[in-house]
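Participant: You'll find query-v1.csv just under this line, and it carries CSV, C-alpha atoms.
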```
chain,number,residue,atom,x,y,z
X,12,MET,CA,0.0,0.0,0.0
X,13,LEU,CA,1.1,3.5,-0.7
X,14,TYR,CA,1.1,6.2,2.0
X,15,ILE,CA,0.2,9.3,0.1
X,16,TYR,CA,0.5,12.9,1.2
X,17,CYS,CA,-2.6,15.0,0.1
X,18,PRO,CA,-1.5,18.6,-0.6
X,19,HIS,CA,-5.0,19.8,0.2
X,20,CYS,CA,-5.5,18.0,3.6
X,21,GLU,CA,-1.7,18.4,4.2
X,22,GLU,CA,-1.6,14.9,5.7
X,23,HIS,CA,-0.5,11.5,4.8
X,24,ARG,CA,-3.4,9.1,4.1
X,25,GLU,CA,-3.7,5.4,3.1
X,26,GLU,CA,-3.9,4.6,-0.6
X,27,GLU,CA,-7.4,3.2,0.0
X,28,GLU,CA,-8.7,6.8,0.2
X,29,PHE,CA,-7.4,7.7,-3.3
X,30,HIS,CA,-8.1,6.9,-6.9
X,31,TYR,CA,-5.6,7.1,-9.8
X,32,GLY,CA,-6.4,9.4,-12.6
X,33,GLY,CA,-3.8,8.7,-15.3
X,34,GLN,CA,-0.9,10.7,-16.6
X,35,ALA,CA,-0.7,14.3,-15.5
X,36,HIS,CA,-0.1,17.4,-17.6
X,37,VAL,CA,-2.0,16.3,-20.6
X,38,ALA,CA,-2.8,19.6,-22.3
X,39,ARG,CA,-6.0,19.9,-24.3
X,40,PRO,CA,-5.5,21.5,-27.7
X,41,LYS,CA,-6.5,25.2,-27.3
X,42,ASP,CA,-8.6,25.1,-30.4
X,43,PRO,CA,-9.9,21.5,-31.2
X,44,ASP,CA,-11.4,22.7,-34.5
X,45,ALA,CA,-8.1,23.8,-35.8
X,46,CYS,CA,-5.8,21.0,-34.6
X,47,THR,CA,-4.9,18.0,-36.8
X,48,ASP,CA,-6.3,14.6,-36.3
X,49,ALA,CA,-2.9,13.4,-35.2
X,50,GLU,CA,-2.8,16.1,-32.5
X,51,TRP,CA,-6.3,15.3,-31.3
X,52,ALA,CA,-5.7,11.6,-31.3
X,53,ASP,CA,-2.5,12.2,-29.3
X,54,TYR,CA,-4.4,14.2,-26.7
X,55,LEU,CA,-7.2,11.6,-26.5
X,56,TYR,CA,-5.5,8.3,-26.6
X,57,PHE,CA,-1.7,8.3,-26.4
X,58,ARG,CA,0.0,8.2,-23.0
X,59,LYS,CA,3.5,7.6,-21.8
X,60,ASN,CA,4.5,4.2,-20.4
X,61,THR,CA,7.5,5.4,-18.4
X,62,ARG,CA,10.0,3.3,-16.6
X,63,GLY,CA,11.2,5.6,-13.8
X,64,TRP,CA,9.8,9.0,-12.7
X,65,HIS,CA,6.2,9.6,-13.8
X,66,HIS,CA,3.9,12.5,-13.2
X,67,GLU,CA,0.4,11.3,-12.5
X,68,LEU,CA,-3.0,12.6,-11.5
X,69,TRP,CA,-4.7,11.3,-8.3
X,70,VAL,CA,-7.9,12.2,-6.5
X,71,HIS,CA,-8.5,12.1,-2.8
X,72,ALA,CA,-11.8,10.3,-3.4
X,73,ALA,CA,-12.7,9.3,0.1
X,74,GLY,CA,-11.3,12.5,1.7
X,75,CYS,CA,-11.4,16.1,0.4
X,76,ARG,CA,-12.3,14.9,-3.1
X,77,LYS,CA,-9.7,17.2,-4.7
X,78,PHE,CA,-7.4,16.3,-7.6
X,79,PHE,CA,-3.6,16.7,-7.3
X,80,ASN,CA,-0.4,15.4,-9.0
X,81,ILE,CA,2.1,12.9,-7.8
X,82,THR,CA,5.7,12.3,-9.1
X,83,ARG,CA,6.1,8.5,-8.6
X,84,ASP,CA,8.8,6.0,-9.6
X,85,THR,CA,7.1,3.3,-11.6
X,86,VAL,CA,9.8,0.8,-10.7
X,87,SER,CA,10.2,1.3,-6.9
X,88,TYR,CA,6.8,3.0,-6.4
X,89,GLU,CA,8.6,5.7,-4.4
X,90,ILE,CA,6.7,8.9,-4.3
X,91,LYS,CA,9.0,11.9,-4.7
X,92,GLU,CA,6.5,14.7,-4.4
X,93,THR,CA,2.9,15.6,-4.5
X,94,TYR,CA,1.7,19.0,-5.7
X,95,LYS,CA,-1.5,20.8,-6.5
X,96,ILE,CA,-3.0,21.2,-10.0
X,97,GLY,CA,-1.5,24.2,-11.7
X,98,GLU,CA,1.9,23.9,-9.9
X,99,GLN,CA,5.0,22.6,-11.7
X,100,PRO,CA,6.9,19.5,-10.4
X,101,ALA,CA,10.4,20.0,-9.0
X,102,ILE,CA,11.5,16.9,-10.9
X,103,SER,CA,11.1,16.6,-14.7
X,104,GLU,CA,11.6,13.2,-16.1
L,2,MET,CA,-17.7,23.7,-31.3
L,3,SER,CA,-15.7,25.7,-28.8
L,4,ASP,CA,-18.1,28.7,-29.0
L,5,VAL,CA,-21.1,26.5,-28.2
L,6,LEU,CA,-19.4,25.5,-25.0
L,7,THR,CA,-18.8,29.1,-23.8
L,8,PRO,CA,-20.8,29.4,-20.5
L,9,GLU,CA,-23.2,32.2,-20.2
L,10,VAL,CA,-22.2,34.5,-17.3
L,11,ASP,CA,-25.1,35.1,-15.0
L,12,ILE,CA,-24.2,37.5,-12.2
L,13,ASP,CA,-27.5,37.2,-10.4
L,14,ALA,CA,-27.5,33.4,-10.5
L,15,THR,CA,-27.3,33.0,-6.7
L,16,ALA,CA,-30.3,35.3,-6.3
L,17,LYS,CA,-32.4,33.0,-8.4
L,18,VAL,CA,-31.8,29.8,-6.4
L,19,ALA,CA,-35.0,28.2,-5.2
L,20,VAL,CA,-34.8,27.8,-1.4
L,21,MET,CA,-37.1,25.2,-0.1
L,22,LYS,CA,-38.6,25.1,3.3
L,23,GLN,CA,-38.7,21.4,4.0
L,24,LEU,CA,-40.9,21.4,7.1
L,25,PRO,CA,-44.6,22.3,7.4
L,26,GLU,CA,-45.6,25.5,9.2
L,27,PRO,CA,-46.3,25.1,12.9
L,28,GLY,CA,-50.0,24.3,13.4
L,29,LEU,CA,-50.4,22.4,10.1
L,30,ARG,CA,-50.8,18.6,10.1
L,31,PRO,CA,-47.4,17.0,11.0
L,32,VAL,CA,-45.7,15.2,8.2
L,33,ARG,CA,-44.2,11.8,8.7
L,34,ALA,CA,-40.4,11.9,8.6
L,35,GLU,CA,-38.1,8.9,9.0
L,36,SER,CA,-34.4,9.1,9.8
L,37,PRO,CA,-32.1,6.8,7.8
L,38,LEU,CA,-32.1,4.4,10.7
L,39,HIS,CA,-35.8,4.6,11.5
L,40,HIS,CA,-36.3,0.9,10.6
L,41,ALA,CA,-33.7,-0.2,13.2
L,42,GLN,CA,-36.0,1.2,15.9
L,43,LEU,CA,-33.1,2.5,18.0
L,44,ASP,CA,-35.4,4.4,20.4
L,45,GLU,CA,-37.2,1.2,21.4
L,46,MET,CA,-33.9,-0.6,21.8
L,47,ALA,CA,-32.7,2.2,24.0
L,48,VAL,CA,-35.6,1.9,26.3
L,49,ALA,CA,-35.4,-1.9,26.4
L,50,ALA,CA,-31.6,-1.8,27.2
L,51,ALA,CA,-31.5,1.2,29.5
L,52,ALA,CA,-30.3,-0.9,32.4
L,53,ASP,CA,-27.3,-2.3,30.6
L,54,SER,CA,-25.9,0.9,29.3
L,55,ALA,CA,-23.7,1.6,32.4
L,56,SER,CA,-21.6,-1.5,31.7
L,57,ALA,CA,-21.4,-1.2,27.9
L,58,GLY,CA,-18.1,-0.4,26.3
L,59,VAL,CA,-19.7,1.6,23.5
L,60,VAL,CA,-22.8,3.7,23.6
L,61,LEU,CA,-24.4,4.5,20.2
L,62,CYS,CA,-26.8,7.2,19.4
L,63,GLU,CA,-28.2,8.4,16.1
L,64,GLN,CA,-28.4,12.2,16.1
L,65,LYS,CA,-31.3,12.1,13.7
L,66,LEU,CA,-33.2,14.6,11.5
L,67,ARG,CA,-30.7,17.4,12.0
L,68,GLY,CA,-30.4,20.2,9.4
L,69,HIS,CA,-27.3,19.6,7.3
L,70,LEU,CA,-26.1,22.5,5.1
L,71,VAL,CA,-23.1,22.3,2.8
L,72,ILE,CA,-21.4,25.7,2.4
L,73,ARG,CA,-18.9,26.3,-0.3
L,74,GLY,CA,-16.8,29.4,-0.8
L,75,ASP,CA,-13.3,30.8,-0.8
L,76,SER,CA,-11.7,30.5,2.7
L,77,LYS,CA,-9.2,33.2,1.8
L,78,ASP,CA,-12.1,35.6,1.2
L,79,ARG,CA,-12.2,37.5,4.5
L,80,GLN,CA,-15.7,38.8,3.9
L,81,PHE,CA,-17.0,35.2,3.3
L,82,ALA,CA,-15.5,34.0,6.6
L,83,LEU,CA,-16.9,37.0,8.5
L,84,SER,CA,-20.4,36.6,7.1
L,85,VAL,CA,-20.5,32.9,8.1
L,86,THR,CA,-19.3,33.8,11.6
L,87,LYS,CA,-21.9,36.5,11.9
L,88,VAL,CA,-24.8,34.2,11.2
L,89,LEU,CA,-23.6,31.1,13.0
L,90,GLY,CA,-21.6,32.6,15.8
L,91,LEU,CA,-18.8,30.2,14.9
L,92,GLU,CA,-15.4,30.8,13.3
L,93,LEU,CA,-15.0,29.1,9.9
L,94,PRO,CA,-12.7,26.2,10.9
L,95,GLY,CA,-9.4,25.6,9.2
L,96,LYS,CA,-8.0,22.4,7.8
L,97,LEU,CA,-9.4,19.2,9.5
L,98,GLN,CA,-10.9,21.3,12.3
L,99,SER,CA,-14.4,21.8,13.6
L,100,ALA,CA,-16.2,24.3,15.7
L,101,ARG,CA,-19.3,23.9,17.8
L,102,ALA,CA,-21.7,26.1,19.8
L,103,LYS,CA,-24.7,25.1,21.8
L,104,ASP,CA,-27.0,24.6,18.8
L,105,ALA,CA,-24.8,24.5,15.7
L,106,SER,CA,-21.6,22.9,14.6
L,107,ILE,CA,-19.4,23.3,11.5
L,108,ARG,CA,-17.0,20.8,10.1
L,109,TRP,CA,-14.2,21.4,7.6
L,110,ILE,CA,-14.8,19.0,4.6
L,111,SER,CA,-12.4,20.3,1.9
L,112,PRO,CA,-10.4,23.6,1.3
L,113,ASP,CA,-13.6,25.3,0.0
L,114,GLU,CA,-16.3,23.3,1.7
L,115,TRP,CA,-17.8,23.1,5.1
L,116,LEU,CA,-20.7,21.1,6.7
L,117,VAL,CA,-23.0,23.1,9.0
L,118,VAL,CA,-25.3,21.0,11.3
L,119,VAL,CA,-28.1,22.8,13.1
L,120,PRO,CA,-31.3,21.5,14.8
L,121,GLY,CA,-33.7,20.2,12.1
L,122,ASP,CA,-36.3,23.0,12.6
L,123,GLN,CA,-33.7,25.7,12.1
L,124,ALA,CA,-32.2,24.6,8.7
L,125,PHE,CA,-34.4,26.9,6.7
L,126,ALA,CA,-33.9,29.9,8.9
L,127,VAL,CA,-30.1,29.5,8.9
L,128,GLU,CA,-30.0,28.9,5.2
L,129,THR,CA,-32.0,32.0,4.6
L,130,GLN,CA,-29.8,34.1,6.9
L,131,LEU,CA,-26.6,32.8,5.2
L,132,ARG,CA,-28.0,33.7,1.8
L,133,GLU,CA,-28.7,37.2,3.0
L,134,ALA,CA,-25.3,37.6,4.6
L,135,LEU,CA,-23.1,36.1,1.9
L,136,ASP,CA,-22.2,37.8,-1.3
L,137,GLY,CA,-20.3,36.9,-4.4
L,138,HIS,CA,-19.3,33.4,-5.4
L,139,PHE,CA,-20.7,30.9,-2.9
L,140,ALA,CA,-23.1,27.9,-2.7
L,141,ILE,CA,-25.3,26.6,0.1
L,142,VAL,CA,-27.1,23.3,-0.3
L,143,ASN,CA,-29.5,21.7,2.2
L,144,VAL,CA,-28.4,18.0,2.3
L,145,SER,CA,-30.4,17.1,5.5
L,146,GLY,CA,-32.2,14.2,3.8
L,147,GLY,CA,-29.0,12.7,2.4
L,148,GLN,CA,-27.1,11.9,5.6
L,149,THR,CA,-27.3,11.2,9.3
L,150,ILE,CA,-25.0,11.4,12.3
L,151,ILE,CA,-24.1,8.4,14.4
L,152,SER,CA,-22.3,9.1,17.6
L,153,LEU,CA,-20.1,6.6,19.4
L,154,SER,CA,-19.0,7.1,23.0
L,155,GLY,CA,-17.6,5.0,25.9
L,156,PRO,CA,-14.3,3.6,26.8
L,157,SER,CA,-14.2,1.2,23.8
L,158,ALA,CA,-15.4,3.6,21.1
L,159,ARG,CA,-11.8,4.2,19.9
L,160,ASP,CA,-11.3,0.4,19.7
L,161,VAL,CA,-14.3,0.1,17.4
L,162,LEU,CA,-12.9,2.9,15.2
L,163,MET,CA,-9.5,1.2,15.1
L,164,LYS,CA,-11.3,-1.9,13.7
L,165,SER,CA,-13.2,0.1,11.1
L,166,THR,CA,-11.0,2.7,9.6
L,167,PRO,CA,-7.4,2.8,8.3
L,168,TYR,CA,-7.0,6.3,9.8
L,169,ASP,CA,-4.8,6.7,12.9
L,170,VAL,CA,-7.2,7.6,15.8
L,171,HIS,CA,-4.5,7.8,18.4
L,172,ASP,CA,-4.5,11.0,20.7
L,173,ARG,CA,-1.4,12.4,19.0
L,174,ASN,CA,-3.0,12.3,15.6
L,175,PHE,CA,-6.7,12.8,16.4
L,176,PRO,CA,-7.2,15.5,19.1
L,177,ILE,CA,-10.6,16.6,20.2
L,178,GLY,CA,-12.2,18.8,17.5
L,179,LYS,CA,-10.5,17.2,14.6
L,180,VAL,CA,-12.5,16.2,11.6
L,181,VAL,CA,-11.4,13.6,9.0
L,182,THR,CA,-13.3,12.3,6.0
L,183,THR,CA,-12.0,8.8,5.5
L,184,VAL,CA,-12.8,5.2,4.8
L,185,PHE,CA,-15.1,3.6,7.3
L,186,ALA,CA,-15.6,-0.2,6.8
L,187,LYS,CA,-16.3,-0.4,3.1
L,188,THR,CA,-17.9,3.0,2.9
L,189,GLN,CA,-16.9,6.6,3.9
L,190,ALA,CA,-17.6,8.7,6.9
L,191,VAL,CA,-16.8,12.2,8.2
L,192,ILE,CA,-15.4,11.3,11.6
L,193,THR,CA,-15.2,14.0,14.3
L,194,ARG,CA,-13.7,13.6,17.7
L,195,ALA,CA,-16.3,15.4,19.9
L,196,GLY,CA,-14.7,14.6,23.3
L,197,GLU,CA,-12.2,12.5,25.2
L,198,GLU,CA,-14.3,9.3,24.6
L,199,SER,CA,-16.9,10.5,22.1
L,200,TRP,CA,-16.9,10.5,18.3
L,201,GLU,CA,-19.4,11.5,15.7
L,202,MET,CA,-19.7,10.1,12.2
L,203,VAL,CA,-21.6,11.7,9.4
L,204,VAL,CA,-22.7,8.9,7.0
L,205,ARG,CA,-24.7,8.8,3.8
L,206,ARG,CA,-28.3,7.9,4.1
L,207,SER,CA,-28.0,4.9,1.8
L,208,PHE,CA,-25.1,3.5,3.8
L,209,ALA,CA,-26.6,4.2,7.2
L,210,ASP,CA,-28.0,0.7,7.5
L,211,TYR,CA,-24.7,-0.9,6.4
L,212,CYS,CA,-22.8,1.2,9.1
L,213,TRP,CA,-25.4,0.2,11.7
L,214,LEU,CA,-25.0,-3.5,10.9
L,215,TRP,CA,-21.2,-3.1,10.9
L,216,LEU,CA,-21.2,-1.3,14.2
L,217,GLN,CA,-23.4,-3.9,15.9
L,218,ASP,CA,-21.0,-6.6,14.8
L,219,SER,CA,-17.8,-4.7,15.7
L,220,CYS,CA,-19.2,-3.4,19.0
L,221,ALA,CA,-20.4,-6.9,20.1
L,222,GLU,CA,-17.1,-7.8,21.9
L,223,PHE,CA,-17.2,-4.6,24.0
L,224,GLY,CA,-20.9,-4.5,24.7
L,225,LEU,CA,-23.1,-2.1,22.8
L,226,ALA,CA,-25.8,0.1,24.3
L,227,VAL,CA,-28.1,2.3,22.3
L,228,GLN,CA,-29.1,5.7,23.6
L,229,GLN,CA,-32.1,7.8,22.8
L,230,ASP,CA,-31.5,10.9,20.8
L,231,LYS,CA,-32.1,13.7,23.3
L,232,GLY,CA,-31.2,16.5,21.0
L,233,ASN,CA,-33.8,15.9,18.4
L,234,LYS,CA,-36.0,18.9,18.3
L,235,THR,CA,-38.1,17.9,15.4
L,236,MET,CA,-40.2,15.3,17.2
L,237,VAL,CA,-43.3,17.0,16.0
L,238,PHE,CA,-42.9,15.8,12.4
L,239,GLN,CA,-41.8,12.3,12.9
L,240,THR,CA,-45.1,10.7,13.9
L,241,GLY,CA,-45.3,7.0,13.0
```
Now, as a test, write the supplied structure out as structure tokens.
Facilitator:
Amino acid sequence: MLYIYCPHCEEHREEEEFHYGGQAHVARPKDPDACTDAEWADYLYFRKNTRGWHHELWVHAAGCRKFFNITRDTVSYEIKETYKIGEQPAISE
Amino acid sequence: MSDVLTPEVDIDATAKVAVMKQLPEPGLRPVRAESPLHHAQLDEMAVAAAADSASAGVVLCEQKLRGHLVIRGDSKDRQFALSVTKVLGLELPGKLQSARAKDASIRWISPDEWLVVVPGDQAFAVETQLREALDGHFAIVNVSGGQTIISLSGPSARDVLMKSTPYDVHDRNFPIGKVVTTVFAKTQAVITRAGEESWEMVVRRSFADYCWLWLQDSCAEFGLAVQQDKGNKTMVFQTG
């Protein structure tokens, strides 16, 4: 089980309280009518399958019900940092 | 496509909210109202088991038919916090904290959300006053029908929580007044520590029966006594 720090509750909680929300920082094309099919498909379907540090979206589903991001190692499961939506991670890749 | 999705800005939206008075006027025929644990007949159990309650490890009471109001707004907005304080006489509590006065309590739910609990017959009045006092971007929803409060007290109340939730309920982590929304059994509860040996859980209406069954089972080894709800001021409208 992971022991996750919620940046909104400012407390560590059991993984049981959270849900995983996929890869973080997936930007929606600003003008979907103007982008190419490839760009749109990339936004909708294609995600990284990283070995190592990965930025991912989580929600504190059984707690404050807020979304936030986690930087987690997909090999060791180590959580490096958690940060609110809109903030930038201290580690990149 | 994108221009279709542009929301219409309506500044007076909050003024148009329909506020419903959910209780009949005094003097009119009382309306039948059932708490989420009505079918468990807790009051009858309480009377039957009154003699055993002194030796019980856990005393359970449903604080039923209270007025529950969810308030949402910006906690950094000084005016918002002041207005809530003015109406309720309670400070807007910070993270994982609660505040209570004689007739009202307020629990922190998330950074922009609080749960106000008042006697059932005051919910409409308090909601109306809050709507008058608050200004700008806020929301108030009466969720009284959607949830109920179960209180646990007694020397073994903490042991029951330790069996039921993954959250650390030790003194160093859970002082009096703290509020935590967490997993309870296979559902969720807003757990508040009300006193040295007393705890309160806000549970969803549809899960109240599940919690009640779970609690009966988990309290069995300590001895469970049920107490009548003395604080219920809406007796008038719960005729059987």
Participant: Write out as a ChimeraX atom specification each polymer residue whose atoms come within 12 Å of Ala55 of chain L, counting all atoms listed in the file; drop sequence neighbours fewer than 6 positions from it.
Facilitator: /L:154-156,224-228
Participant: At a cut-off of 6 Å, which residues of chain L touch chain X? Count only C-alpha atoms and give the answer as a list in words.
Facilitator: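 The selection requested is Ser111, Thr182 and Thr183 of chain L.
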Participant: Per residue of segment 20-86 of chain L within 8 Å of segment 206-220 of chain L, record the nearest atom pair and its distance in Å to one decimal, counting all atoms listed in the file, with rows in chain order and ascending residue number, as CSV.
Facilitator:
```
residue,atom,partner,partner_atom,distance
L:Pro37,CA,L:Arg206,CA,5.4
L:Leu38,CA,L:Asp210,CA,6.4
L:Gly58,CA,L:Cys220,CA,8.0
L:Val59,CA,L:Cys220,CA,6.7
```
Participant: Could you check which residues have any atom within 10 Å of (-12.6, 7.3, 23.9), counting only C-alpha atoms with coordinates taken straight from the file, and then list them as a PDB file with C-alpha atoms, in the coordinates of the input?
Facilitator:
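Listing of result.pdb after writing:
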```
ATOM      1  CA  GLY L  58     -18.100  -0.400  26.300  1.00  0.00           C
ATOM      2  CA  VAL L  59     -19.700   1.600  23.500  1.00  0.00           C
ATOM      3  CA  LEU L 153     -20.100   6.600  19.400  1.00  0.00           C
ATOM      4  CA  SER L 154     -19.000   7.100  23.000  1.00  0.00           C
ATOM      5  CA  GLY L 155     -17.600   5.000  25.900  1.00  0.00           C
ATOM      6  CA  PRO L 156     -14.300   3.600  26.800  1.00  0.00           C
ATOM      7  CA  SER L 157     -14.200   1.200  23.800  1.00  0.00           C
ATOM      8  CA  ALA L 158     -15.400   3.600  21.100  1.00  0.00           C
ATOM      9  CA  ARG L 159     -11.800   4.200  19.900  1.00  0.00           C
ATOM     10  CA  ASP L 160     -11.300   0.400  19.700  1.00  0.00           C
ATOM     11  CA  VAL L 161     -14.300   0.100  17.400  1.00  0.00           C
ATOM     12  CA  LEU L 162     -12.900   2.900  15.200  1.00  0.00           C
ATOM     13  CA  VAL L 170      -7.200   7.600  15.800  1.00  0.00           C
ATOM     14  CA  HIS L 171      -4.500   7.800  18.400  1.00  0.00           C
ATOM     15  CA  ASP L 172      -4.500  11.000  20.700  1.00  0.00           C
ATOM     16  CA  ARG L 194     -13.700  13.600  17.700  1.00  0.00           C
ATOM     17  CA  ALA L 195     -16.300  15.400  19.900  1.00  0.00           C
ATOM     18  CA  GLY L 196     -14.700  14.600  23.300  1.00  0.00           C
ATOM     19  CA  GLU L 197     -12.200  12.500  25.200  1.00  0.00           C
ATOM     20  CA  GLU L 198     -14.300   9.300  24.600  1.00  0.00           C
ATOM     21  CA  SER L 199     -16.900  10.500  22.100  1.00  0.00           C
ATOM     22  CA  TRP L 200     -16.900  10.500  18.300  1.00  0.00           C
TER      23      TRP L 200
END
```
Participant: At what distance in Å, to one decimal, does atom CA of Gln189 of chain L lie from atom CA of Asp84 of chain X?
Facilitator: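 Spanning atom CA of Asp84 of chain X to atom CA of Gln189 of chain L is a straight-line distance of 29.0 Å.
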Participant: Excluding segment 135-150 of chain L and residues on its chain fewer than 5 positions from it, collect all residues at most 7 Å away from it, counting only C-alpha atoms, and give them as a ChimeraX atom specification.
Facilitator: /L:37,63-65,67-74,81,84,201-206
Participant: Fewer than 2 positions away in the same chain doesn't count, so skip those; otherwise give me all residues within 12 Å of Trp64 of chain X, counting all atoms listed in the file, as number ranges by chain.
Facilitator: X: 34, 59-62, 66-67, 81-92, 100-104
Participant: In Å, rounded to a single decimal, give me how far atom CA of Ser36 of chain L is from atom CA of Val117 of chain L.
Facilitator: 18.1 Å
Participant: To one decimal place, how far is atom CA of Lys17 of chain L from atom CA of Arg132 of chain L in Å?
Facilitator: 11.1 Å
Participant: So which one's closest to Gly232 of chain L, L:Val184, L:Cys62, L:Asp78, L:Leu89? Using all atoms listed in the file, please.
Facilitator: L:Cys62
Participant: Neighbours of Val180 of chain L within 8 Å (all atoms listed in the file; same-chain residues fewer than 2 positions away dropped), as a VMD selection string?
Facilitator: chain L and resid 97 to 99 108 to 110 178 182 191 to 194
Participant: Using all atoms listed in the file for the distances, tell me which of L:Ala100, L:Ala50, L:Ala126, L:Ala41 is nearest to Val20 of chain L.
Facilitator: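 Between L:Ala100, L:Ala50, L:Ala126, L:Ala41, the residue approaching Val20 of chain L most closely is L:Ala126.
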Participant: Near Pro40 of chain X, counting only C-alpha atoms, which residues have an atom at most 10 Å away, once you skip same-chain residues fewer than 4 positions from it, shown as JSON, numbers by chain?
Facilitator: {"X": [44, 45, 46, 47, 50, 51, 53, 54]}
